[in-house]
Amino acid sequence: MAAQTYQFPCLSDNFGVLLHDPATGATAAIDAPEAAPVEAALGTTGWRLTDILVTHHHADHTAGIPELKKKYKCRVVAPRGEASRIADVDVQVGEGDIVKVGNLAGRVLETPGHTSGHVSYVFDADRLAFVGDTLFSIGCGRVIEGTPEQMWNSLLKLRALPDDTQFHCGHEYTQANIRFALTIEPGNAALLARAKEVDALRAAGKPTLPATIGAEKAANCFLRADSPAVAAAVGMSGRRPAEVFAEIRERKNNFR
Ligand code: ZN
Ligand code: FE
């Protein structure tokens with residue numbers, strides 16, 4: 001049976017997501033920004049929390065873990081490289097490990113850059129990816145603990161997923177990301193179409209995620225650092241994609 005998801009807002013601009021296996025009843029929270037909205041989501045769906053899959057150690061992804069662990073006795077799965085910085089970890093995972101949520105099988109991708117041990121969870125059969133703060137719609141996470149080169153390679157791993165893969169990320173930043181992306185690719189038709197769509201969604205109070213990898217490849221300049229047009233747009237024709245990526249990321253850091 002196909003996976004079901006339920007996405008909801010947490011904190012000021014975080015997403016919470018539940019992943020549910022209807023065959024077994026197993027339900028995972030992807031990250032736990034805070035406990036109360038996760039519990040409310042469990043109430044709404046009628047699902048029972050069995051697992052928490054953690055993408056990285058930042059508090060806005062982990063602060064709810066101790067309370068949820070205490071209440072539901074759920075299993076906490078977290079990246080091996082950051083397990084010492086995350087509370088209540090039961091299972092440590094790294095590249096290529098398979099995490100089961102009931103009968104659903106998630107593959108662990110190491111996607112460092114935002115943090116040194118950040119992982120993403122890819123449920124290939126369900127065409128679902130949970131990418132934390134590595135990839136955002138029309139953006140990507142800040143490179144805090146890693147290098148731009150690492151982040152670029154992490155984004156390439158996500159970009160290589162099938163086009164119809166739906167990804168969920170940690171934050172609703174899309175509208176602000178688009179304002180910046182238009183400074184890099186003002187004529188990108190896919191980006192202009194996404195801008196229209198996102199303005200309509202936000203005006204209606206709706207989330208802009210999940211999005212598909214295919215649509216993102218066409219519109220997200222951070223996934224397009226190896227496109228000659230993007231390199232030219234930042235005056236770096238012929239330079240390595242990782243260098244072009246670093247330049248775009250730096251411009252975004254300074255963009256107001
Ligand atoms: Zn983060
Ligand atoms: Fe975050």
# chains A, B, ... in the order shown; residues from 1 in each chain; ligands from 1
$ residues_near_ligand --ligand "ligand 2" --cutoff "9 Å" --atoms "only C-alpha atoms and all ligand atoms" --output "PyMOL selection string"
chain A and resi 13-14+33+56+58-61+132-133+141+169-171
$ residues_around --residues "A:Pro210" --least-positions-apart "2" --cutoff "10 Å" --atoms "only C-alpha atoms" --output "PyMOL selection string"
chain A and resi 7+128-130+136-137+165-169+207-208+212-213
$ write_last_selection --atoms "C-alpha atoms" --output "compact mmCIF listing (two decimals), in the first residue's frame"
# COMPACT_ATOMS: atom_id res chain seq x y z
CA GLN A 7 2.43 18.13 6.46
CA LEU A 128 9.22 10.61 -1.64
CA ALA A 129 12.30 12.40 -0.29
CA PHE A 130 12.77 14.19 3.03
CA PHE A 136 14.54 24.13 -0.27
CA SER A 137 12.15 25.04 -3.03
CA THR A 165 10.04 12.44 -6.71
CA GLN A 166 8.16 14.71 -4.30
CA PHE A 167 10.44 16.29 -1.74
CA HIS A 168 9.61 17.73 1.66
CA CYS A 169 12.04 20.17 3.27
CA PRO A 207 2.20 25.71 1.73
CA THR A 208 4.44 25.64 -1.34
CA THR A 212 9.00 17.72 -7.41
CA ILE A 213 12.67 17.24 -8.23
$ select_by_dssp --residues "stretch 26-247 of chain A" --states "strand (DSSP E)" --output "number ranges by chain"
A: 27-30, 51-53, 75-79, 91-93, 98-101, 104-110, 119-123, 128-130, 135-136, 139-140, 166-168, 211-212
$ write_last_selection --atoms "C-alpha atoms" --output "PDB file, in the first residue's frame"
ATOM      1  CA  THR A  27       4.045   6.473  11.470  1.00  0.00           C
ATOM      2  CA  ALA A  28       7.243   8.489  11.410  1.00  0.00           C
ATOM      3  CA  ALA A  29       7.697  12.157  12.158  1.00  0.00           C
ATOM      4  CA  ILE A  30      10.376  13.628   9.940  1.00  0.00           C
ATOM      5  CA  ASP A  51       9.462   6.615  14.707  1.00  0.00           C
ATOM      6  CA  ILE A  52      11.229   9.945  14.399  1.00  0.00           C
ATOM      7  CA  LEU A  53      13.629  10.294  11.462  1.00  0.00           C
ATOM      8  CA  ARG A  75      12.308   4.903  17.906  1.00  0.00           C
ATOM      9  CA  VAL A  76      14.618   7.834  17.133  1.00  0.00           C
ATOM     10  CA  VAL A  77      16.721   7.438  13.980  1.00  0.00           C
ATOM     11  CA  ALA A  78      19.461  10.023  13.444  1.00  0.00           C
ATOM     12  CA  PRO A  79      22.596  10.646  11.397  1.00  0.00           C
ATOM     13  CA  VAL A  91      19.547   4.028  15.744  1.00  0.00           C
ATOM     14  CA  GLN A  92      22.416   5.767  13.975  1.00  0.00           C
ATOM     15  CA  VAL A  93      22.412   5.760  10.181  1.00  0.00           C
ATOM     16  CA  ILE A  98      17.735   1.351   4.836  1.00  0.00           C
ATOM     17  CA  VAL A  99      15.280   2.636   7.435  1.00  0.00           C
ATOM     18  CA  LYS A 100      11.936   0.833   7.606  1.00  0.00           C
ATOM     19  CA  VAL A 101       8.783   2.645   8.690  1.00  0.00           C
ATOM     20  CA  LEU A 104       7.987   1.451   3.833  1.00  0.00           C
ATOM     21  CA  ALA A 105      11.688   1.444   3.015  1.00  0.00           C
ATOM     22  CA  GLY A 106      13.737   4.633   3.206  1.00  0.00           C
ATOM     23  CA  ARG A 107      17.261   4.913   1.894  1.00  0.00           C
ATOM     24  CA  VAL A 108      19.697   7.183   3.723  1.00  0.00           C
ATOM     25  CA  LEU A 109      21.651   9.694   1.672  1.00  0.00           C
ATOM     26  CA  GLU A 110      24.406  11.615   3.399  1.00  0.00           C
ATOM     27  CA  VAL A 119      21.158  13.115   6.023  1.00  0.00           C
ATOM     28  CA  SER A 120      18.143  12.876   3.721  1.00  0.00           C
ATOM     29  CA  TYR A 121      15.679   9.975   3.625  1.00  0.00           C
ATOM     30  CA  VAL A 122      14.516   8.719   0.225  1.00  0.00           C
ATOM     31  CA  PHE A 123      11.542   6.347  -0.047  1.00  0.00           C
ATOM     32  CA  LEU A 128       9.223  10.614  -1.637  1.00  0.00           C
ATOM     33  CA  ALA A 129      12.295  12.399  -0.292  1.00  0.00           C
ATOM     34  CA  PHE A 130      12.773  14.188   3.026  1.00  0.00           C
ATOM     35  CA  LEU A 135      17.340  21.572  -0.530  1.00  0.00           C
ATOM     36  CA  PHE A 136      14.537  24.128  -0.267  1.00  0.00           C
ATOM     37  CA  GLY A 139      16.805  27.593  -2.574  1.00  0.00           C
ATOM     38  CA  CYS A 140      19.121  25.519  -0.434  1.00  0.00           C
ATOM     39  CA  GLN A 166       8.160  14.711  -4.296  1.00  0.00           C
ATOM     40  CA  PHE A 167      10.444  16.293  -1.737  1.00  0.00           C
ATOM     41  CA  HIS A 168       9.606  17.731   1.659  1.00  0.00           C
ATOM     42  CA  ALA A 211       7.565  20.085  -4.812  1.00  0.00           C
ATOM     43  CA  THR A 212       8.996  17.718  -7.413  1.00  0.00           C
TER      44      THR A 212
END
$ residues_around --residues "A:Ala23" --least-positions-apart "4" --cutoff "10 Å" --atoms "only C-alpha atoms" --output "CSV table (one decimal) with all heavy atoms, in the first residue's frame"
chain,number,residue,atom,x,y,z
A,1,MET,N,0.9,-1.2,0.0
A,1,MET,CA,0.0,0.0,0.0
A,1,MET,C,0.9,1.2,0.0
A,1,MET,O,2.0,1.2,0.6
A,1,MET,CB,-0.9,0.0,1.2
A,1,MET,CG,-2.1,-0.9,1.0
A,1,MET,SD,-3.6,-0.6,2.0
A,1,MET,CE,-3.2,-0.8,3.6
A,2,ALA,N,0.4,2.3,-0.6
A,2,ALA,CA,1.2,3.5,-0.8
A,2,ALA,C,1.3,4.3,0.5
A,2,ALA,O,0.4,4.3,1.3
A,2,ALA,CB,0.6,4.4,-1.9
A,3,ALA,N,2.4,4.9,0.6
A,3,ALA,CA,2.7,5.8,1.8
A,3,ALA,C,1.7,7.0,1.8
A,3,ALA,O,1.3,7.4,0.7
A,3,ALA,CB,4.1,6.3,1.7
A,102,GLY,N,7.4,0.8,9.2
A,102,GLY,CA,6.4,-0.3,8.9
A,102,GLY,C,7.0,-1.0,7.7
A,102,GLY,O,8.2,-1.5,7.7
A,103,ASN,N,6.3,-1.1,6.6
A,103,ASN,CA,6.8,-1.8,5.4
A,103,ASN,C,7.4,-0.8,4.4
A,103,ASN,O,7.9,-1.2,3.4
A,103,ASN,CB,5.6,-2.5,4.6
A,103,ASN,CG,5.1,-3.7,5.4
A,103,ASN,OD1,5.8,-4.2,6.3
A,103,ASN,ND2,3.8,-4.0,5.2
A,104,LEU,N,7.4,0.5,4.7
A,104,LEU,CA,8.0,1.5,3.8
A,104,LEU,C,9.5,1.5,4.0
A,104,LEU,O,10.0,1.4,5.2
A,104,LEU,CB,7.4,2.9,4.1
A,104,LEU,CG,5.9,3.0,4.2
A,104,LEU,CD1,5.5,4.4,4.6
A,104,LEU,CD2,5.3,2.7,2.8
$ residues_around --residues "A:Ile248" --least-positions-apart "5" --cutoff "12 Å" --atoms "only C-alpha atoms" --output "number ranges by chain"
A: 139-140, 142-143, 148, 152, 177, 180-185, 220-226, 230-236, 241-243, 253-255
$ atom_distance --atom1 "atom CA of A:Ile138" --atom2 "atom CA of A:Leu11"
21.1 Å
$ residues_around --residues "A:Lys71" --least-positions-apart "3" --cutoff "12 Å" --atoms "only C-alpha atoms" --output "ChimeraX atom specification"
/A:35-36,38-39,48-50,64-68,74-75
$ residues_around --residues "A:Ser154" --least-positions-apart "6" --cutoff "8 Å" --atoms "only C-alpha atoms" --output "PyMOL selection string"
chain A and resi 110-113+134
$ write_last_selection --atoms "N, CA and C atoms" --output "compact mmCIF listing (two decimals), in the first residue's frame"
# COMPACT_ATOMS: atom_id res chain seq x y z
N GLU A 110 23.68 10.59 2.64
CA GLU A 110 24.41 11.62 3.40
C GLU A 110 24.45 12.88 2.55
N THR A 111 23.93 13.97 3.11
CA THR A 111 23.87 15.23 2.37
C THR A 111 24.47 16.36 3.22
N PRO A 112 25.78 16.28 3.49
CA PRO A 112 26.42 17.27 4.35
C PRO A 112 26.59 18.63 3.66
N GLY A 113 26.82 19.64 4.48
CA GLY A 113 27.05 20.99 3.97
C GLY A 113 26.39 22.00 4.90
N THR A 134 18.79 20.74 3.41
CA THR A 134 19.74 20.70 2.30
C THR A 134 19.16 21.42 1.09
$ closest_residue --among "A:Ala26, A:Ile144, A:Ala176, A:Ala32" --to "ligand 1" --atoms "only C-alpha atoms and all ligand atoms"
A:Ile144
$ closest_residue --among "A:Glu95, A:Glu172, A:Asp124, A:Glu197" --to "A:Gly16" --atoms "only C-alpha atoms"
A:Glu172
$ atom_distance --atom1 "atom CA of A:Ala190" --atom2 "atom CA of A:Ala218"
5.9 Å
$ atom_distance --atom1 "atom CA of A:Lys196" --atom2 "atom CA of A:Phe245"
25.2 Å
$ select_by_dssp --residues "stretch 132-215 of chain A" --states "helix (DSSP H, G or I)" --output "ChimeraX atom specification"
/A:148-159,174-184,189-203,213-215
$ closest_residue --among "A:Pro162, A:Lys157, A:Thr5, A:Arg249" --to "A:Asp21" --atoms "only C-alpha atoms"
A:Thr5
